[in-house]
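Remarks on the structure that follows.
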Amino acid sequence: MTSAIGMNELLAAALDAAMSSGASYADVRGVEIRAESLGVKGPAVESLERFDSLGFGVRALVDGAWGYACSAELDAAEAVSTARVAVEIARASATVMTAPIELVPEPVHRDSWMGPTEHDPFAVTLEDKLELLTSATAGMQVSPKIRTTRATMDLLSQTTWFVSSEGSSIDQSFVQSAAGIEAVAVDGSEVQQRSYPGSFRGHFASGGYEVIAEMDLVANAEQTAEEAVALLTAPLCPQTVTSVVLDGHQTMLQVHESVGHPTELDRVLGMEAAFAGTSFVGIPDLGSLRYGSEVVNINSDATISGGLGSYGYDDEGVAAQRVDLVKGGILVGFQTSRETAAKIGAQRSNGTMRAEGWENFPLIRMPNVNLLPGSGSFEDLLADVDDGIYMATNKSWSIDDKRLNFQFGCEVAWEIKHGKLRRMLKDPRYTGITPVFWGYCDAIAGPEEWKVWGTPNCGKGQPGQTMRVGHGTSPARFRNVSTGVSS
Amino acid sequence: MSSGEPPLSVEAARRAAQAVLDTPGADGVEVLVSASAAGVTRFANSQIIQNIARKEVRAYVRVAVGDRVASAGTNQLDAEHMGSAATRALEAVRATRGDADWPGFARPDKDGRAEPVGRWDAATAAASPARRAEAVSQILRASDSNNAAGIYETSSYAFGVFSSAGIDCFDAYTRCAIACLVDNGESTGWGDSSSHAMGEVDVEAAAHRAAEKAEASKSPHSAAPGTYEVVLEPAATGAIIEYLSYAGFGAKQVLEHESFLARHTGEEVGAPSVSILDDVWHPQSVGIGFDFEGVPRKRVAVIERGRATGPVSDLRTARQMGVEATGHGSGSNELGPFAANVVLEAGDKSLEELIGGVSRGFLVTRFHYVNILDRPATLLTGMTRDGTFAVTDGAITGAVHNFRFAQNVLSALASVQGVGRDLVSLAPEYGGFGSTVAPALHLGEFDFVSTTSH
Ligand SMILES: [Zn+2]
């Protein structure tokens, strides 16, 4: 903070102005972000970008309706005028209202929370970071067919200050680190890619440079590139109905799209209908809908360490919680907010409201939505497959507006014959209907295979907000899956 | 709340840049300034649920020393923060390595001076929350539904690029967009409208269309997946060409062999009635007259009368390809140049005539969640939503459940039977930069691969 006025005084001034202008409830959130992003292509530095952001937003409830305004000008007069704009907007909202918004109660919190960081990634020199990335791209030059090699690193440090008219005052800070490598092989019209540890800029987690060191990018470079080359001549993943084992990375995407989003209560209530869509799940389904087989247990848990959705409090000051969403295959919970919890008669929000930066209105966002581990090793999953396909590393995704009909693609697959991996297959894709697909889940690997993955690019809301979301998964097995795709 | 002025004045943008253009130790400095003031009112279940005013400003300072380059950004435009951004960029430059493909910053003598497009409407920029709420009331009345959802947006944007090499350009635009989904409990319907000027956005017509589509979508039956003729309404055409652009209109994707243009430039890839351009100067486009390097944004035909003609470029890729830059720098070397104002040129048929030409197929209102399956092959997948109808012998015969498609876009464009005469301006799907301008299309072949129960 380098401004003339401290963040705490600024937040207090905005909160006072909102309440004295007629709000029945208000909260004010200040956010400071520091980000660094490095990209290396082959031996060259393709991008080296740093970005800092600082500002605040005021959310006001007036006559039962919301208004939100924000500013990056950090002075007392701006705090007051921004709060008044939020109130003016809320008054306008209240003119088009059928039912006033009610908020379920939340205890007052006065607290500080900090995520784990062993090794501050911003203290590591740029030279060292670039050296790591260029060593990794050099390690991927295994063949003239390797057309592009890329290594990336993304670092984020965020501090949030929150005050509410109910008396809560919370500050929290965390650091998140990410890195990954990618090799693209080309032969004529055939283009294939492999990534490590995951696609779309690698693996993201809460924590410092230790997260990146653990990946050992350089040691994995050669195999990543060799698989990209091997894919060029691999046979096409067949169009069939068969047993499929998904790796942890693809299982993350499967959980995200087909369980995480449909159990967001704002979607269930139709609040995202026009844009992101709704959900095949309805309120009366709670406690009765068979979402998957008995081995399927999924929770929403912001309290675990190391996920992109690990925090102390959400962006409306509700303490982080662990909530079961699917238990023994039955739908038992939703991800909620103070507003939506009131609409279904729940006693308390389960704390999943988050906003991107200071600029945005908080929405229900997945914290860490986790597929709980079963038992046994990855090899045990394969052992019970006589004839099937193992797919790894997400490449594409698409799902309908009720989150039922999905089609997902992976970077690579291998045939499974008599319990063992055999030939590599290219362009693996599979399709299904959400509860049918999860109904055919018959095994999930155990805690030793379980890992908290992260996706930094979950989109929702208008204006669009990009959120960082975590998913703990281990590889999982599904029967009767339709693979391949025509055309 | 807003006076109708741009969210940042040219003077303020230039002043912020000038604080760092002479940074000691740098051979060259470029500053990209962007600002926005978004007013977005969202409604669902026929009431306003979220309503925001979002002002933001960003400055990105790009510093070069020889052929070493790095950038640092801030959202505070005072001289102190700008100076600190320049210092951090310079630190990063010292740590980085030489870049053999560094083209240098844009130069007005070589790359030209940009003119503003001027898609500015003061009334849109000045629209108050009360005005937006009134528009939502109008939408709800016109939709005649107790379950409508959507947005009404009035936003303004400003961009400037300033450099030590003499680039000094600034442009601003406004956008008004409405989207309306009507859910009658059994089926849904959709209507939208978008323009740089709120006076040109007909909220009632969009709401009526949504209500009519929802009504017509009642009692859908399940049709078998397969290859069919389709008529895509403009919103559906727009999604396909937006993703085609994303999949392969940029020179970087060509250089990396990931674009269809790498193998097909000069070849016939579409029917002769198909011309796709990037053209911010089209009267229905919404955007600015230069790219994020300050190079004038040119009109570029990517597919001209069915023939693939070439990609859009930025300074880096133009240098690599030995051509003149087209002014499509995205500000990111990783993303590469980007066609943000795609236009599919109009044909001569009304929507009714296009439907009339279908012997057995479907009419698609819009798509949902389109994504790329195979970039070089232009293979996309996605779902239909909010109004999919069976067409037999030129007439709509009823609603059907939604389909998933998996379609090679070039094959679809090669099968074009007719192009609509009415162009519609579409706001980018995820609220990003630019616009898409598209007509309805009659395609001879489109692959629906599965269906759903709604
Ligand atoms: Zn998502």
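In the structure tokens, chains take letters A, B, ... by order of appearance, with residues numbered from 1 within each chain and ligands from 1 in the order shown.
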
Closest atom pairs, residues of chain A within 12 Å of ligand 1, only C-alpha atoms and all ligand atoms, as a tab-separated table:
residue	atom	partner	partner_atom_place_in_ligand_line	distance
A:Met252	CA	ligand 1	1 (Zn)	11.0
A:Leu253	CA	ligand 1	1 (Zn)	8.8
A:Gln254	CA	ligand 1	1 (Zn)	10.6
A:Val255	CA	ligand 1	1 (Zn)	10.1
A:His256	CA	ligand 1	1 (Zn)	6.3
A:Glu257	CA	ligand 1	1 (Zn)	6.2
A:Ser258	CA	ligand 1	1 (Zn)	9.7
A:Val259	CA	ligand 1	1 (Zn)	10.4
A:Gly260	CA	ligand 1	1 (Zn)	7.8
A:His261	CA	ligand 1	1 (Zn)	6.5
A:Pro262	CA	ligand 1	1 (Zn)	10.2
A:Thr263	CA	ligand 1	1 (Zn)	11.8
A:Glu264	CA	ligand 1	1 (Zn)	10.7
A:Ala276	CA	ligand 1	1 (Zn)	9.3
A:Gly277	CA	ligand 1	1 (Zn)	11.7
A:Ile364	CA	ligand 1	1 (Zn)	11.3
A:Arg365	CA	ligand 1	1 (Zn)	8.5
A:Met366	CA	ligand 1	1 (Zn)	8.3
A:Pro367	CA	ligand 1	1 (Zn)	11.2
A:Asn368	CA	ligand 1	1 (Zn)	12.0
A:Val369	CA	ligand 1	1 (Zn)	11.3
A:Trp397	CA	ligand 1	1 (Zn)	10.4
A:Ser398	CA	ligand 1	1 (Zn)	10.7
A:Ile399	CA	ligand 1	1 (Zn)	10.7
A:Arg403	CA	ligand 1	1 (Zn)	11.2
A:Gly454	CA	ligand 1	1 (Zn)	11.3
A:Thr455	CA	ligand 1	1 (Zn)	8.5
A:Pro456	CA	ligand 1	1 (Zn)	9.3
A:Asn457	CA	ligand 1	1 (Zn)	7.2
A:Cys458	CA	ligand 1	1 (Zn)	3.8
A:Gly459	CA	ligand 1	1 (Zn)	5.4
A:Lys460	CA	ligand 1	1 (Zn)	7.0
A:Gly461	CA	ligand 1	1 (Zn)	10.7
A:Gly464	CA	ligand 1	1 (Zn)	11.6
A:Gln465	CA	ligand 1	1 (Zn)	10.4
A:Thr466	CA	ligand 1	1 (Zn)	8.7
A:Met467	CA	ligand 1	1 (Zn)	8.1
A:Arg468	CA	ligand 1	1 (Zn)	9.1
A:Val469	CA	ligand 1	1 (Zn)	8.1
A:Gly470	CA	ligand 1	1 (Zn)	10.7
A:His471	CA	ligand 1	1 (Zn)	11.4

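The shortest atom-to-atom distance to Val201 of chain B, with only C-alpha atoms taken into account, belongs to B:Leu426 out of B:Ala346, B:Ala377, B:Leu426, B:Ala414.
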
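Put simply, atom CA of Ser411 of chain B is 14.8 Å away from atom CA of Leu373 of chain B.
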
Backbone DSSP call of strand (DSSP E) for segment 26-211 of chain B, listed as a count of residues only:
83

Write out, as a Markdown table, each residue of chain A that has an atom at most 7 Å from chain B, together with the closest pair of atoms and their distance in Å to one decimal, counting only C-alpha atoms, rows going by chain and rising number.
| residue | atom | partner | partner_atom | distance |
| --- | --- | --- | --- | --- |
| A:Ala44 | CA | B:Asp99 | CA | 6.1 |
| A:Val45 | CA | B:Arg97 | CA | 6.5 |
| A:Glu46 | CA | B:Asn333 | CA | 6.2 |
| A:Ser47 | CA | B:Asn333 | CA | 6.3 |
| A:Leu48 | CA | B:Ala70 | CA | 5.1 |
| A:Glu49 | CA | B:Ser71 | CA | 4.8 |
| A:Arg50 | CA | B:Ala72 | CA | 4.4 |
| A:Phe51 | CA | B:Gly73 | CA | 4.4 |
| A:Asp52 | CA | B:Thr74 | CA | 4.9 |
| A:Ser53 | CA | B:Asn75 | CA | 5.3 |
| A:Leu54 | CA | B:Asn75 | CA | 6.8 |
| A:Trp66 | CA | B:Gln50 | CA | 6.1 |
| A:Gly67 | CA | B:Asn51 | CA | 5.3 |
| A:Tyr68 | CA | B:Ile52 | CA | 4.6 |
| A:Ala69 | CA | B:Ala53 | CA | 4.8 |
| A:Cys70 | CA | B:Arg54 | CA | 5.8 |
| A:Ser71 | CA | B:Lys55 | CA | 6.1 |
| A:Ala72 | CA | B:Glu56 | CA | 6.9 |
| A:Ile89 | CA | B:Pro129 | CA | 5.4 |
| A:Ala92 | CA | B:Ala130 | CA | 5.1 |
| A:Ser93 | CA | B:Ile48 | CA | 5.6 |
| A:Val96 | CA | B:Gln47 | CA | 5.4 |
| A:Met97 | CA | B:Gln47 | CA | 4.8 |
| A:Thr98 | CA | B:Gln47 | CA | 6.0 |
| A:Leu126 | CA | B:Ala95 | CA | 5.8 |
| A:Glu127 | CA | B:Ala95 | CA | 5.3 |
| A:Gly270 | CA | B:Ala44 | CA | 6.6 |
| A:Met271 | CA | B:Ala44 | CA | 5.2 |
| A:Ala273 | CA | B:Ala149 | CA | 6.3 |
| A:Ala274 | CA | B:Gly150 | CA | 5.1 |
| A:Glu359 | CA | B:Arg54 | CA | 6.0 |
| A:Ser396 | CA | B:Leu373 | CA | 6.1 |
| A:Trp397 | CA | B:Asn371 | CA | 6.6 |
| A:Ser398 | CA | B:Tyr369 | CA | 5.6 |
| A:Ile399 | CA | B:Tyr369 | CA | 6.4 |
| A:Asp400 | CA | B:Met383 | CA | 5.7 |
| A:Asp401 | CA | B:His368 | CA | 6.7 |
| A:Asn405 | CA | B:Thr452 | CA | 6.1 |
| A:Pro463 | CA | B:Gly431 | CA | 6.2 |
| A:Gly464 | CA | B:Tyr430 | CA | 6.0 |
| A:Ser486 | CA | B:Val449 | CA | 6.8 |
| A:Ser487 | CA | B:Gln407 | CA | 6.8 |

Contact residues around Pro311 of chain B with only C-alpha atoms at 7 Å, ignoring same-chain residues under 2 positions, as JSON, numbers by chain:
{"B": [249, 250, 251, 302, 313]}

Please provide the set of residues having any atom within 6 Å of segment 317-331 of chain A, restricted to only C-alpha atoms, with same-chain residues fewer than 4 positions apart removed, written as a list in words.
Leu286, Gly287, Leu289, Arg290, Tyr291, Gly292, Ser293, Glu294, Val295, Val296, Asn297, Ile298, Asn299, Ser300, Asp301, Ala302, Thr303, Gly312, Tyr313 and Gly351 of chain A

Using only C-alpha atoms, find the one residue out of A:Met353, A:Asp314, A:Pro428, A:Phe406 that sits nearest to Trp113 of chain A.
A:Asp314

Write out as a count of residues only each polymer residue whose atoms come within 7 Å of Gly202 of chain A, counting only C-alpha atoms; drop sequence neighbours fewer than 3 positions from it.
8

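If you measure from each of A:Asn220, A:Ser474, A:Gln176, A:Gln239 to Asp427 of chain A using only C-alpha atoms, the closest one turns out to be A:Gln239.
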
Compile the contact shell of Asp422 of chain B as a count of residues only: residues with an atom at most 10 Å away, counting only C-alpha atoms, same-chain residues fewer than 3 positions apart removed.
13

DSSP helix (DSSP H, G or I) residues within segment 32-188 of chain B, as a PyMOL selection string
chain B and resi 79-95+108-111+122-126+129-143

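The protein and nucleic acid residues lying at most 8 Å from Ser155 of chain B are Ser36, Ala37, Ala38, Gly39, Val40, Thr124, Ala125, Thr174, Arg175 and Cys176 of chain B, with only C-alpha atoms considered and sequence neighbours fewer than 6 positions away removed.
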
Those selected residues, please, written with C-alpha atoms and delivered as a PDB file, in the first residue's frame.
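Below is the file that was written, out_25.pdb:
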ATOM      1  CA  SER B  36     -13.454   0.843 -19.384  1.00  0.00           C
ATOM      2  CA  ALA B  37     -16.635   1.880 -17.633  1.00  0.00           C
ATOM      3  CA  ALA B  38     -19.106  -0.974 -17.754  1.00  0.00           C
ATOM      4  CA  GLY B  39     -22.703  -0.727 -16.620  1.00  0.00           C
ATOM      5  CA  VAL B  40     -24.209  -4.204 -16.637  1.00  0.00           C
ATOM      6  CA  THR B 124     -24.735   5.073 -24.305  1.00  0.00           C
ATOM      7  CA  ALA B 125     -21.727   6.216 -22.272  1.00  0.00           C
ATOM      8  CA  THR B 174     -19.339   2.359 -26.635  1.00  0.00           C
ATOM      9  CA  ARG B 175     -21.426  -0.792 -26.588  1.00  0.00           C
ATOM     10  CA  CYS B 176     -25.037  -1.427 -25.783  1.00  0.00           C
TER      11      CYS B 176
END

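If only C-alpha atoms are the atoms counted, then among B:Ala247, B:Ala399, B:Leu315, B:Val10 the closest residue to Arg297 of chain B is B:Leu315.
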
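Of the residues under consideration (B:Ser217, B:Asn341, B:Thr265, B:Thr317), B:Asn341 shows the shortest atom-to-atom contact distance to Lys298 of chain B when counting only C-alpha atoms.
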